[in-house]
$ cat entry.cif   # mmCIF, C-alpha atoms
data_run
loop_
_atom_site.label_atom_id
_atom_site.label_comp_id
_atom_site.auth_asym_id
_atom_site.auth_seq_id
_atom_site.Cartn_x
_atom_site.Cartn_y
_atom_site.Cartn_z
CA MET A 1 36.50 260.08 196.63
CA LYS A 2 35.34 262.39 193.86
CA LYS A 3 37.27 262.38 190.60
CA TYR A 4 37.22 266.03 189.57
CA ILE A 5 37.36 267.16 185.94
CA SER A 6 40.50 269.29 185.81
CA SER A 7 43.04 269.01 182.98
CA GLU A 8 40.30 267.88 180.58
CA ARG A 9 37.80 270.61 181.60
CA ALA A 10 37.97 272.39 178.21
CA ASN A 11 36.21 269.32 176.76
CA LEU A 12 33.06 269.79 178.84
CA PHE A 13 31.52 272.66 176.85
CA GLU A 14 33.33 271.97 173.55
CA PRO A 15 30.43 271.27 171.13
CA ASN A 16 32.30 268.91 168.77
CA VAL A 17 34.84 267.08 170.87
CA TYR A 18 33.65 263.67 169.74
CA ILE A 19 35.80 260.70 168.72
CA ALA A 20 34.50 258.15 166.23
CA MET A 21 35.91 254.69 165.55
CA ILE A 22 34.60 252.40 162.82
CA VAL A 23 35.28 248.66 163.11
CA LYS A 24 34.65 246.65 159.93
CA ILE A 25 34.07 242.94 160.58
CA SER A 26 33.70 240.18 157.99
CA GLY A 27 30.51 238.16 158.14
CA CYS A 28 27.46 238.70 160.32
CA ILE A 29 27.55 238.85 164.10
CA PRO A 30 24.12 238.30 165.75
CA GLU A 31 22.76 241.51 167.22
CA ALA A 32 22.21 239.95 170.66
CA GLU A 33 25.86 238.81 170.82
CA ALA A 34 27.13 242.21 169.73
CA GLU A 35 24.99 244.05 172.27
CA GLN A 36 26.04 241.73 175.08
CA ALA A 37 29.73 242.24 174.21
CA VAL A 38 29.35 246.03 174.08
CA ARG A 39 27.52 246.16 177.41
CA LYS A 40 30.20 243.99 179.05
CA ALA A 41 32.81 246.42 177.70
CA TYR A 42 30.87 249.32 179.25
CA GLN A 43 30.77 247.50 182.59
CA ALA A 44 34.52 246.81 182.46
CA ASN A 45 35.55 250.49 182.47
CA GLU A 46 35.01 253.12 185.13
CA ALA A 47 34.75 255.82 182.45
CA THR A 48 31.70 254.18 180.87
CA MET A 49 30.17 253.46 184.28
CA SER A 50 30.23 257.13 185.30
CA LYS A 51 28.13 260.23 184.83
CA ILE A 52 29.25 263.85 184.90
CA MET A 53 28.11 265.98 187.83
CA LEU A 54 28.06 269.77 187.51
CA ASP A 55 27.57 271.87 190.65
CA GLU A 56 26.08 275.39 190.77
CA ASP A 57 29.54 276.87 191.36
CA GLY A 58 30.87 275.18 188.20
CA THR A 59 32.66 272.28 189.88
CA ALA A 60 32.45 269.14 187.74
CA TRP A 61 33.37 265.55 188.50
CA TYR A 62 32.83 261.91 187.49
CA GLU A 63 30.42 259.92 189.66
CA LYS A 64 30.17 256.14 189.40
CA MET A 65 26.84 254.53 188.52
CA GLU A 66 25.42 251.08 189.16
CA ASP A 67 24.32 250.76 185.54
CA SER A 68 26.02 252.33 182.53
CA GLY A 69 24.30 255.27 180.84
CA CYS A 70 26.11 254.51 177.56
CA ARG A 71 24.02 253.30 174.63
CA PHE A 72 23.85 250.48 172.08
CA SER A 73 21.54 250.39 169.07
CA ARG A 74 21.07 248.55 165.80
CA GLU A 75 20.58 250.84 162.78
CA GLU A 76 19.57 250.26 159.16
CA ASP A 77 21.75 252.93 157.56
CA SER A 78 25.32 253.63 156.50
CA TRP A 79 27.79 254.46 159.25
CA GLU A 80 28.33 257.89 157.66
CA ASN A 81 24.63 258.78 158.01
CA ILE A 82 24.45 257.32 161.51
CA LEU A 83 27.42 259.45 162.57
CA GLN A 84 25.93 262.63 161.08
CA LYS A 85 22.73 262.11 163.06
CA SER A 86 24.56 261.23 166.27
CA GLU A 87 26.89 264.21 166.31
CA LYS A 88 23.93 266.59 166.17
CA ARG A 89 22.56 265.16 169.44
CA PRO A 90 24.38 266.38 172.56
CA PHE A 91 25.66 263.57 174.78
CA ASP A 92 23.54 263.30 177.92
CA LEU A 93 26.57 263.48 180.19
CA LYS A 94 24.57 264.05 183.37
CA ASP A 95 22.93 260.64 182.88
CA GLY A 96 26.18 258.89 181.97
CA GLU A 97 25.84 258.84 178.19
CA LEU A 98 29.54 259.21 177.35
CA VAL A 99 29.63 256.62 174.53
CA ARG A 100 27.18 255.49 171.85
CA THR A 101 27.81 252.23 170.00
CA PHE A 102 25.90 251.57 166.79
CA MET A 103 25.71 248.34 164.82
CA THR A 104 24.85 248.15 161.13
CA GLU A 105 25.55 245.96 158.11
CA GLU A 106 27.13 247.01 154.87
CA SER A 107 28.32 244.93 151.88
CA SER A 108 28.38 241.64 153.84
CA GLN A 109 30.21 243.35 156.68
CA THR A 110 29.18 244.01 160.25
CA ILE A 111 30.03 247.61 161.13
CA LEU A 112 30.47 248.84 164.69
CA LEU A 113 30.51 252.62 165.05
CA ILE A 114 31.75 253.86 168.41
CA HIS A 115 30.89 257.52 168.92
CA ALA A 116 32.36 258.88 172.15
CA HIS A 117 32.58 262.14 174.03
CA HIS A 118 36.21 263.06 174.77
CA LEU A 119 35.42 262.89 178.51
CA ALA A 120 35.09 259.12 178.04
CA GLY A 121 38.74 259.05 177.05
CA ASP A 122 41.28 259.70 174.31
CA GLY A 123 41.99 257.78 171.11
CA LYS A 124 43.95 255.13 173.00
CA SER A 125 40.92 254.66 175.27
CA MET A 126 38.73 253.92 172.27
CA LEU A 127 41.14 251.15 171.24
CA ILE A 128 40.96 249.77 174.78
CA PHE A 129 37.18 249.78 174.53
CA ILE A 130 37.20 248.09 171.10
CA ASN A 131 39.61 245.46 172.40
CA ASP A 132 37.21 244.78 175.28
CA ILE A 133 34.35 244.26 172.81
CA VAL A 134 36.47 241.90 170.72
CA ASP A 135 37.63 239.94 173.79
CA SER A 136 34.05 239.65 175.00
CA LEU A 137 32.95 238.30 171.60
CA ASP A 138 35.74 235.73 171.95
CA GLY A 139 34.43 234.71 175.37
CA VAL A 140 37.24 236.33 177.38
CA GLU A 141 36.38 237.49 180.91
CA LEU A 142 37.02 241.26 181.12
CA ALA A 143 38.90 242.87 184.01
CA TYR A 144 37.54 246.10 185.52
CA LYS A 145 39.72 249.12 184.73
CA PRO A 146 39.59 252.31 186.82
CA MET A 147 40.19 255.81 185.40
CA THR A 148 43.46 257.67 185.90
CA LEU A 149 42.86 261.42 185.83
CA MET A 150 45.60 264.01 185.56
CA ASP A 151 45.07 266.68 188.18
CA ARG A 152 47.37 269.54 189.17
CA GLN A 153 49.28 267.48 191.75
CA PHE A 154 49.85 264.66 189.24
CA LEU A 155 51.15 267.05 186.58
CA GLU A 156 53.38 269.19 188.81
CA LYS A 157 55.37 266.08 189.68
CA ARG A 158 56.28 265.80 186.01
CA ALA A 159 56.73 269.37 184.78
CA LYS A 160 56.80 273.01 185.87
CA LEU A 161 55.45 276.25 184.48
CA MET A 162 57.67 279.32 184.33
CA LEU A 163 57.00 281.94 187.03
CA PRO A 164 55.78 284.68 184.59
CA ILE A 165 53.14 282.28 183.25
CA LYS A 166 51.99 281.38 186.77
CA LEU A 167 51.71 285.07 187.65
CA ALA A 168 49.77 285.81 184.47
CA ILE A 169 47.34 282.98 185.22
CA LYS A 170 46.97 284.21 188.81
CA ASN A 171 46.02 287.65 187.47
CA LEU A 172 43.46 286.11 185.09
CA ASN A 173 41.93 284.15 187.97
CA ARG A 174 41.56 287.33 190.03
CA LYS A 175 39.81 289.15 187.18
CA TRP A 176 37.49 286.22 186.47
CA ARG A 177 36.42 286.00 190.12
CA LYS A 178 35.19 289.59 189.84
CA GLN A 179 33.38 289.43 186.49
CA GLY A 180 32.82 285.77 185.60
CA ARG A 181 29.97 283.35 186.19
CA SER A 182 29.29 279.63 186.20
CA PHE A 183 27.40 277.74 183.51
CA SER A 184 24.75 275.02 183.65
CA TRP A 185 23.53 272.02 181.67
CA GLU A 186 21.09 274.39 179.94
CA ASP A 187 24.14 276.32 178.65
CA TYR A 188 25.70 273.03 177.55
CA ASP A 189 22.63 272.23 175.45
CA ARG A 190 22.48 275.79 174.12
CA ILE A 191 26.06 275.88 172.83
CA HIS A 192 25.64 272.49 171.16
CA LYS A 193 22.45 273.60 169.43
CA LYS A 194 24.03 276.89 168.29
CA TYR A 195 27.13 275.12 166.94
CA TRP A 196 25.27 272.50 164.93
CA GLU A 197 22.90 275.08 163.50
CA THR A 198 26.02 276.86 162.22
CA TYR A 199 28.18 273.97 160.99
CA SER A 200 27.88 270.70 159.11
CA SER A 201 30.40 267.89 159.38
CA GLN A 202 32.35 266.65 156.36
CA ILE A 203 34.58 263.57 156.49
CA GLU A 204 37.10 262.64 153.81
CA ILE A 205 38.91 259.31 154.05
CA LYS A 206 42.01 258.35 152.08
CA THR A 207 43.79 255.02 152.31
CA CYS A 208 47.17 253.72 151.22
CA LYS A 209 49.61 250.97 152.10
CA VAL A 210 51.81 251.53 155.15
CA GLN A 211 54.85 250.54 153.12
CA GLU A 212 54.14 253.29 150.57
CA VAL A 213 54.52 255.90 153.30
CA LYS A 214 57.57 254.18 154.78
CA ASN A 215 59.25 254.42 151.38
CA HIS A 216 59.21 258.23 151.75
CA CYS A 217 60.75 258.19 155.24
CA THR A 218 64.50 258.72 155.30
CA GLY A 219 67.15 259.18 157.95
CA GLY A 220 65.13 257.91 160.91
CA VAL A 221 62.10 260.07 160.13
CA THR A 222 58.85 258.54 161.43
CA ILE A 223 55.69 257.93 159.44
CA ASN A 224 54.00 260.60 161.55
CA SER A 225 56.63 263.24 160.69
CA CYS A 226 56.51 262.24 157.04
CA ILE A 227 52.72 262.61 156.84
CA ILE A 228 52.73 265.96 158.66
CA THR A 229 55.35 267.20 156.20
CA GLY A 230 53.16 266.04 153.33
CA LEU A 231 50.18 267.89 154.80
CA LEU A 232 52.21 271.08 155.21
CA LYS A 233 53.30 270.74 151.59
CA ALA A 234 49.69 270.24 150.45
CA HIS A 235 48.64 273.33 152.41
CA PRO A 236 51.46 275.86 151.86
CA GLU A 237 49.48 278.55 153.70
CA CYS A 238 49.86 276.60 156.97
CA LYS A 239 52.48 277.80 159.42
CA SER A 240 51.90 275.48 162.37
CA ALA A 241 50.77 271.99 163.35
CA GLY A 242 49.21 270.91 166.62
CA ILE A 243 50.00 267.32 167.59
CA PRO A 244 48.31 265.43 170.47
CA VAL A 245 50.86 263.52 172.55
CA SER A 246 50.04 260.60 174.82
CA VAL A 247 51.34 260.96 178.38
CA ARG A 248 49.92 257.59 179.45
CA GLU A 249 52.13 255.77 181.98
CA ASP A 250 51.64 252.00 182.00
CA ASP A 251 47.89 252.42 182.37
CA ASN A 252 45.29 250.38 180.50
CA GLY A 253 42.10 252.18 181.52
CA MET A 254 39.83 254.50 179.61
CA SER A 255 40.52 258.16 180.39
CA ASN A 256 41.84 261.28 178.74
CA GLN A 257 45.62 261.09 179.06
CA THR A 258 46.65 263.20 176.09
CA SER A 259 48.54 266.47 176.04
CA GLY A 260 49.59 268.44 172.99
CA ILE A 261 52.49 270.22 171.36
CA THR A 262 52.61 272.76 168.55
CA ILE A 263 55.41 273.15 166.04
CA LYS A 264 55.89 276.29 163.97
CA TYR A 265 56.89 275.39 160.43
CA ARG A 266 56.00 276.41 156.88
CA TYR A 267 56.96 274.07 154.04
CA ARG A 268 60.06 275.32 152.15
CA CYS A 269 59.34 274.88 148.46
CA ARG A 270 62.97 275.53 147.53
CA LYS A 271 64.10 272.59 149.65
CA SER A 272 63.53 268.93 148.87
CA PHE A 273 60.82 266.90 150.61
CA VAL A 274 63.56 264.95 152.41
CA GLU A 275 65.06 268.17 153.84
CA ASN A 276 61.65 269.43 154.90
CA GLN A 277 60.65 266.21 156.65
CA ARG A 278 63.94 266.09 158.56
CA LYS A 279 63.31 269.60 159.87
CA VAL A 280 59.72 268.76 160.82
CA HIS A 281 60.85 265.55 162.53
CA ARG A 282 63.54 267.41 164.48
CA LYS A 283 61.08 270.03 165.71
CA ILE A 284 58.61 267.37 166.85
CA ARG A 285 61.28 265.39 168.69
CA GLN A 286 62.59 268.50 170.45
CA LYS A 287 59.12 269.37 171.75
CA ILE A 288 58.31 265.82 172.86
CA LYS A 289 61.61 265.46 174.74
CA ASN A 290 60.97 268.71 176.61
CA LYS A 291 58.78 267.72 179.59
CA ASN A 292 57.65 271.27 180.25
CA ALA A 293 56.54 271.66 176.63
CA ARG A 294 54.83 268.27 176.65
CA TYR A 295 52.76 268.99 179.75
CA PHE A 296 52.34 272.76 179.22
CA VAL A 297 48.73 272.70 177.97
CA LEU A 298 47.51 270.33 180.68
CA LEU A 299 49.19 272.32 183.46
CA CYS A 300 47.62 275.54 182.26
CA MET A 301 44.19 273.90 182.19
CA THR A 302 44.49 272.88 185.84
CA LEU A 303 45.45 276.42 186.93
CA LEU A 304 42.71 278.30 185.07
CA PRO A 305 39.25 278.55 186.69
CA PRO A 306 37.06 275.77 185.23
CA THR A 307 34.21 278.22 184.62
CA LEU A 308 36.57 280.48 182.63
CA LEU A 309 37.29 277.59 180.26
CA ASP A 310 33.53 277.09 179.89
CA GLY A 311 33.14 280.83 179.30
CA ILE A 312 35.74 280.84 176.52
CA LEU A 313 33.73 278.26 174.56
CA MET A 314 30.44 280.02 175.29
CA GLN A 315 31.98 283.30 174.09
CA THR A 316 33.44 281.67 170.97
CA TYR A 317 30.05 280.52 169.71
CA GLY A 318 28.03 283.60 170.59
CA CYS A 319 26.28 282.22 173.68
CA TYR A 320 27.94 284.60 176.16
CA GLN A 321 29.56 288.02 176.15
CA ASN A 322 32.57 288.80 178.34
CA LYS A 323 35.67 290.87 177.52
CA LEU A 324 38.12 288.61 179.37
CA ALA A 325 36.69 285.43 177.82
CA LYS A 326 36.80 287.07 174.39
CA ARG A 327 40.43 288.11 174.79
CA LEU A 328 41.46 284.64 175.93
CA SER A 329 39.48 282.95 173.16
CA LEU A 330 41.59 284.89 170.66
CA ILE A 331 44.88 284.18 172.45
CA MET A 332 44.13 280.45 172.77
CA GLY A 333 42.76 280.12 169.26
CA TYR A 334 39.16 279.49 170.30
CA THR A 335 37.86 281.74 167.56
CA GLY A 336 35.51 279.34 165.83
CA GLN A 337 38.00 279.16 162.96
CA GLY A 338 40.89 277.62 164.89
CA GLY A 339 44.34 278.48 166.23
CA SER A 340 46.60 275.78 164.82
CA ASP A 341 46.62 275.52 161.04
CA LEU A 342 46.74 271.72 161.27
CA GLY A 343 45.75 269.33 164.02
CA VAL A 344 47.16 265.85 163.39
CA THR A 345 46.39 262.85 165.62
CA ASN A 346 48.12 259.55 164.87
CA LEU A 347 47.01 256.38 166.68
CA ASN A 348 49.97 254.61 165.02
CA GLN A 349 49.79 250.87 164.37
CA ILE A 350 46.66 249.37 165.93
CA THR A 351 47.62 246.03 167.48
CA ILE A 352 44.16 244.50 167.99
CA PRO A 353 44.34 241.03 166.36
CA ALA A 354 42.44 240.61 163.09
CA ASN A 355 41.64 236.88 163.28
CA HIS A 356 39.19 235.57 165.88
CA ASN A 357 37.12 232.47 166.59
CA ASN A 358 34.04 233.32 164.53
CA PHE A 359 34.94 236.55 162.75
CA GLN A 360 37.71 238.65 161.26
CA ILE A 361 38.37 242.37 161.64
CA GLN A 362 39.04 243.84 158.22
CA ASP A 363 39.73 247.45 159.14
CA ILE A 364 39.55 250.04 161.93
CA LEU A 365 39.04 253.71 161.04
CA PHE A 366 39.66 256.69 163.30
CA ILE A 367 37.80 259.99 162.98
CA PRO A 368 39.32 262.63 165.30
CA PRO A 369 37.39 265.31 167.22
CA LYS A 370 37.09 268.67 165.44
CA VAL A 371 38.27 270.88 168.31
CA SER A 372 37.77 274.63 168.07
CA TYR A 373 41.45 275.57 168.09
CA SER A 374 42.45 273.79 164.86
CA LYS A 375 41.41 274.81 161.36
CA ARG A 376 42.05 271.40 159.81
CA VAL A 377 41.88 268.20 161.82
CA ILE A 378 43.38 264.97 160.50
CA GLY A 379 43.29 261.52 162.09
CA ILE A 380 45.73 258.77 161.14
CA ALA A 381 45.58 255.07 161.99
CA SER A 382 47.29 251.96 160.62
CA TYR A 383 45.71 248.53 160.74
CA GLY A 384 47.51 245.62 159.18
CA ARG A 385 49.13 246.85 155.98
CA ARG A 386 46.62 249.66 155.45
CA LEU A 387 47.04 253.27 156.60
CA THR A 388 44.00 255.54 156.75
CA ILE A 389 44.07 259.33 156.78
CA CYS A 390 40.80 261.00 157.77
CA HIS A 391 40.16 264.71 157.24
CA HIS A 392 37.44 265.97 159.60
CA ASN A 393 36.18 269.30 158.26
CA MET A 394 33.35 271.59 159.32
CA ILE A 395 31.44 273.49 156.66
CA PRO A 396 29.90 276.79 157.90
CA SER A 397 26.24 277.10 157.04
CA GLN A 398 26.00 280.65 158.37
CA SER A 399 28.22 283.24 160.07
CA ILE A 400 28.70 283.03 163.81
CA SER A 401 27.02 285.99 165.45
#
$ encode --input "entry.cif" --output "structure tokens"
Amino acid sequence: MKKYISSERANLFEPNVYIAMIVKISGCIPEAEAEQAVRKAYQANEATMSKIMLDEDGTAWYEKMEDSGCRFSREEDSWENILQKSEKRPFDLKDGELVRTFMTEESSQTILLIHAHHLAGDGKSMLIFINDIVDSLDGVELAYKPMTLMDRQFLEKRAKLMLPIKLAIKNLNRKWRKQGRSFSWEDYDRIHKKYWETYSSQIEIKTCKVQEVKNHCTGGVTINSCIITGLLKAHPECKSAGIPVSVREDDNGMSNQTSGITIKYRYRCRKSFVENQRKVHRKIRQKIKNKNARYFVLLCMTLLPPTLLDGILMQTYGCYQNKLAKRLSLIMGYTGQGGSDLGVTNLNQITIPANHNNFQIQDILFIPPKVSYSKRVIGIASYGRRLTICHHNMIPSQSIS
């Protein structure tokens, strides 16, 4: 049975939808042992044992392979430079290259850099993959984990779209059937090349103690709400924040099971930080509790023609001209500059154990994907007592045509 790409289809032609995880390990792990552990982790997950198929009509799906197309390599460079080089190379999805794992050494540390296409899974999936690597290094036998994909049937059991929205989407589908087209792997390569000729990646990492942030949380406000409030304060021009939300249901496999919510809020300078963070926290909780709001984005993705979602990205980066795609790219925020003022992803407290038989994990960093509908993208992760905030920015090198 084919596993069709549906709710996550917008990721297929997105030219910078890559997740990076950096694992810092004390001491030196032999390259052969590290490679063996990574390859066992690939073999243990359906996502990393699959390639992406793209038909002439635009239908796309995962197809299982006998051998993984994901890569492992040893590099003599800093992880920052390795990442910069990797992100400029499009993932060879049609041959199953959904994840690249790099090994390097730095200041008596072994560094593992996992660079993954979002179609391999969400941030939680990357932690599952890292945990598999760690278990394999410890000699643990890994269990095979299938993918759980969220299609229209899956989502409609959990939430509903309002009738006017369904009718509007139906009208869009009718128009696209008349004027749209499908896109190929050549278009995939073309949009990636155009994007990375236009932008350069910039990563800023700030660290602090988890307790320092907790000290600013009052009245049941979470660390996540507190940090988002702080970001809104630091950027007073921002009026909204997009927040990925996990909709994973007792599933431990690699796949993209993340939806998103958006809150509208501008920091009130005349109010105290405590008052602001309570309002931000309340808005986030209201959206998360509302099932229709929580699943809204994913449901819409499953109802829109897949080739229209491809066309929106192609239009955004000057690789295709179509009035309907252009109008929707503006409505959805796919403008090349971004729709949400802030995009904040928090992996929360990472629970992978630090102490192991022959090594110790010192830190795990999370660099979020710079999606086209957010101007500023921030990734947050806590490991042990340390909290890391990563700003993933794109610096334009020339104007988009």
$ closest_atom_pairs --input "entry.cif" --of "stretch 97-174 of chain A" --to "stretch 283-291 of chain A" --cutoff "12 Å" --atoms "only C-alpha atoms" --output "JSON lines"
{"residue": "A:Leu155", "atom": "CA", "partner": "A:Lys291", "partner_atom": "CA", "distance": 10.4}
{"residue": "A:Glu156", "atom": "CA", "partner": "A:Lys291", "partner_atom": "CA", "distance": 10.8}
{"residue": "A:Lys157", "atom": "CA", "partner": "A:Lys291", "partner_atom": "CA", "distance": 10.8}
{"residue": "A:Arg158", "atom": "CA", "partner": "A:Lys291", "partner_atom": "CA", "distance": 7.2}
{"residue": "A:Ala159", "atom": "CA", "partner": "A:Lys291", "partner_atom": "CA", "distance": 5.8}
{"residue": "A:Lys160", "atom": "CA", "partner": "A:Lys291", "partner_atom": "CA", "distance": 8.4}
{"residue": "A:Leu161", "atom": "CA", "partner": "A:Lys291", "partner_atom": "CA", "distance": 10.4}
$ write_last_selection --input "entry.cif" --atoms "C-alpha atoms" --output "PDB file, in the frame of the given file"
ATOM      1  CA  LEU A 155      51.150 267.050 186.580  1.00  0.00           C
ATOM      2  CA  GLU A 156      53.380 269.190 188.810  1.00  0.00           C
ATOM      3  CA  LYS A 157      55.370 266.080 189.680  1.00  0.00           C
ATOM      4  CA  ARG A 158      56.280 265.800 186.010  1.00  0.00           C
ATOM      5  CA  ALA A 159      56.730 269.370 184.780  1.00  0.00           C
ATOM      6  CA  LYS A 160      56.800 273.010 185.870  1.00  0.00           C
ATOM      7  CA  LEU A 161      55.450 276.250 184.480  1.00  0.00           C
TER       8      LEU A 161
END
$ resolve_selection --input "entry.cif" --expression "the PyMOL selection byres ((chain A and resi 67) around 10)" --output "VMD selection string"
chain A and resid 39 42 to 43 48 to 50 64 to 66 68 to 70 96
$ closest_residue --input "entry.cif" --among "A:Ala44, A:Cys300, A:Met314, A:Leu232" --to "A:Leu12" --atoms "all atoms listed in the file"
A:Met314
$ residues_around --input "entry.cif" --residues "A:Ser78" --least-positions-apart "5" --cutoff "12 Å" --atoms "only C-alpha atoms" --output "list in words"
Ile22, Leu83, Gln84, Lys85, Phe102, Met103, Thr104, Glu105, Glu106, Ser107, Gln109, Thr110, Ile111, Leu112 and Leu113 of chain A
$ residues_around --input "entry.cif" --residues "stretch 376-382 of chain A" --least-positions-apart "6" --cutoff "7 Å" --atoms "all atoms listed in the file" --output "short mmCIF file (atom, residue, chain, number, x, y, z; two decimals) with C-alpha atoms, keeping the file's coordinate frame"
data_model
loop_
_atom_site.label_atom_id
_atom_site.label_comp_id
_atom_site.auth_asym_id
_atom_site.auth_seq_id
_atom_site.Cartn_x
_atom_site.Cartn_y
_atom_site.Cartn_z
CA ASP A 341 46.62 275.52 161.04
CA LEU A 342 46.74 271.72 161.27
CA GLY A 343 45.75 269.33 164.02
CA VAL A 344 47.16 265.85 163.39
CA THR A 345 46.39 262.85 165.62
CA ASN A 346 48.12 259.55 164.87
CA LEU A 347 47.01 256.38 166.68
CA ASN A 348 49.97 254.61 165.02
CA GLN A 349 49.79 250.87 164.37
CA ILE A 350 46.66 249.37 165.93
CA LEU A 365 39.04 253.71 161.04
CA PHE A 366 39.66 256.69 163.30
CA ILE A 367 37.80 259.99 162.98
CA PRO A 368 39.32 262.63 165.30
CA LYS A 370 37.09 268.67 165.44
CA THR A 388 44.00 255.54 156.75
CA ILE A 389 44.07 259.33 156.78
CA CYS A 390 40.80 261.00 157.77
CA HIS A 391 40.16 264.71 157.24
CA HIS A 392 37.44 265.97 159.60
CA ASN A 393 36.18 269.30 158.26
#
$ resolve_selection --input "entry.cif" --expression "the PyMOL selection byres ((chain A and resi 3) around 10)" --output "PDB file with C-alpha atoms, keeping the file's coordinate frame"
ATOM      1  CA  MET A   1      36.500 260.080 196.630  1.00  0.00           C
ATOM      2  CA  LYS A   2      35.340 262.390 193.860  1.00  0.00           C
ATOM      3  CA  TYR A   4      37.220 266.030 189.570  1.00  0.00           C
ATOM      4  CA  ILE A   5      37.360 267.160 185.940  1.00  0.00           C
ATOM      5  CA  SER A   6      40.500 269.290 185.810  1.00  0.00           C
ATOM      6  CA  ILE A  52      29.250 263.850 184.900  1.00  0.00           C
ATOM      7  CA  ALA A  60      32.450 269.140 187.740  1.00  0.00           C
ATOM      8  CA  TRP A  61      33.370 265.550 188.500  1.00  0.00           C
ATOM      9  CA  TYR A  62      32.830 261.910 187.490  1.00  0.00           C
ATOM     10  CA  GLU A  63      30.420 259.920 189.660  1.00  0.00           C
ATOM     11  CA  LYS A  64      30.170 256.140 189.400  1.00  0.00           C
ATOM     12  CA  MET A 147      40.190 255.810 185.400  1.00  0.00           C
ATOM     13  CA  THR A 148      43.460 257.670 185.900  1.00  0.00           C
ATOM     14  CA  LEU A 149      42.860 261.420 185.830  1.00  0.00           C
ATOM     15  CA  MET A 150      45.600 264.010 185.560  1.00  0.00           C
ATOM     16  CA  ASP A 151      45.070 266.680 188.180  1.00  0.00           C
TER      17      ASP A 151
END
$ closest_atom_pairs --input "entry.cif" --of "stretch 189-248 of chain A" --to "stretch 258-263 of chain A" --cutoff "9 Å" --atoms "all atoms listed in the file" --output "JSON lines"
{"residue": "A:Lys239", "atom": "CA", "partner": "A:Ile263", "partner_atom": "CA", "distance": 8.6}
{"residue": "A:Ser240", "atom": "CA", "partner": "A:Ile263", "partner_atom": "CA", "distance": 5.6}
{"residue": "A:Ala241", "atom": "CA", "partner": "A:Ile263", "partner_atom": "CA", "distance": 5.5}
{"residue": "A:Gly242", "atom": "CA", "partner": "A:Thr262", "partner_atom": "CA", "distance": 4.3}
{"residue": "A:Ile243", "atom": "CA", "partner": "A:Ile261", "partner_atom": "CA", "distance": 5.4}
{"residue": "A:Pro244", "atom": "CA", "partner": "A:Gly260", "partner_atom": "CA", "distance": 4.1}
{"residue": "A:Val245", "atom": "CA", "partner": "A:Gly260", "partner_atom": "CA", "distance": 5.1}
{"residue": "A:Ser246", "atom": "CA", "partner": "A:Thr258", "partner_atom": "CA", "distance": 4.5}
{"residue": "A:Val247", "atom": "CA", "partner": "A:Thr258", "partner_atom": "CA", "distance": 5.7}
{"residue": "A:Arg248", "atom": "CA", "partner": "A:Thr258", "partner_atom": "CA", "distance": 7.3}
$ axis_aligned_box --input "entry.cif" --around "stretch 186-201 of chain A" --padding-each-side "8 Å" --output "JSON"
{"center_x": 25.7, "center_y": 272.4, "center_z": 169.5, "size_x": 25.3, "size_y": 25.0, "size_z": 36.8}
$ residues_around --input "entry.cif" --residues "A:Ser200" --least-positions-apart "4" --cutoff "7 Å" --atoms "only C-alpha atoms" --output "JSON, numbers by chain"
{"A": [196, 394, 395, 396, 397]}
$ resolve_selection --input "entry.cif" --expression "the PyMOL selection byres ((chain A and resi 317-320) around 12)" --output "PyMOL selection string"
chain A and resi 13-16+180-183+186-199+308+310-316+321-326+329+334-337+372+399-401
$ atom_distance --input "entry.cif" --atom1 "atom CA of A:Val99" --atom2 "atom CA of A:Ala354"
23.5 Å
$ residues_around --input "entry.cif" --residues "A:Lys209" --least-positions-apart "5" --cutoff "10 Å" --atoms "only C-alpha atoms" --output "PDB file with C-alpha atoms, in the frame of the given file"
ATOM      1  CA  LYS A 214      57.570 254.180 154.780  1.00  0.00           C
ATOM      2  CA  SER A 382      47.290 251.960 160.620  1.00  0.00           C
ATOM      3  CA  TYR A 383      45.710 248.530 160.740  1.00  0.00           C
ATOM      4  CA  GLY A 384      47.510 245.620 159.180  1.00  0.00           C
ATOM      5  CA  ARG A 385      49.130 246.850 155.980  1.00  0.00           C
ATOM      6  CA  ARG A 386      46.620 249.660 155.450  1.00  0.00           C
ATOM      7  CA  LEU A 387      47.040 253.270 156.600  1.00  0.00           C
ATOM      8  CA  THR A 388      44.000 255.540 156.750  1.00  0.00           C
TER       9      THR A 388
END
$ closest_residue --input "entry.cif" --among "A:Ile364, A:Leu309, A:Ile128, A:Leu304" --to "A:Leu167" --atoms "only C-alpha atoms"
A:Leu304
$ atom_distance --input "entry.cif" --atom1 "atom CA of A:Ser272" --atom2 "atom CA of A:Cys208"
22.5 Å
$ residues_around --input "entry.cif" --residues "A:Val17" --least-positions-apart "4" --cutoff "6 Å" --atoms "all atoms listed in the file" --output "list in words"
His118, Pro369 and Val371 of chain A
$ atom_distance --input "entry.cif" --atom1 "atom CA of A:Ala10" --atom2 "atom CA of A:Val297"
10.8 Å
$ closest_residue --input "entry.cif" --among "A:Ala41, A:Ala34, A:Arg89, A:Lys178" --to "A:Asn131" --atoms "only C-alpha atoms"
A:Ala41
$ closest_residue --input "entry.cif" --among "A:Leu98, A:Tyr373, A:Glu275, A:Phe72" --to "A:Leu330" --atoms "only C-alpha atoms"
A:Tyr373
$ closest_residue --input "entry.cif" --among "A:Gln277, A:Asn173, A:Gln360, A:Gln202" --to "A:His216" --atoms "only C-alpha atoms"
A:Gln277
$ closest_residue --input "entry.cif" --among "A:Val23, A:Leu303, A:Val38, A:Ala116" --to "A:Trp79" --atoms "all atoms listed in the file"
A:Val23
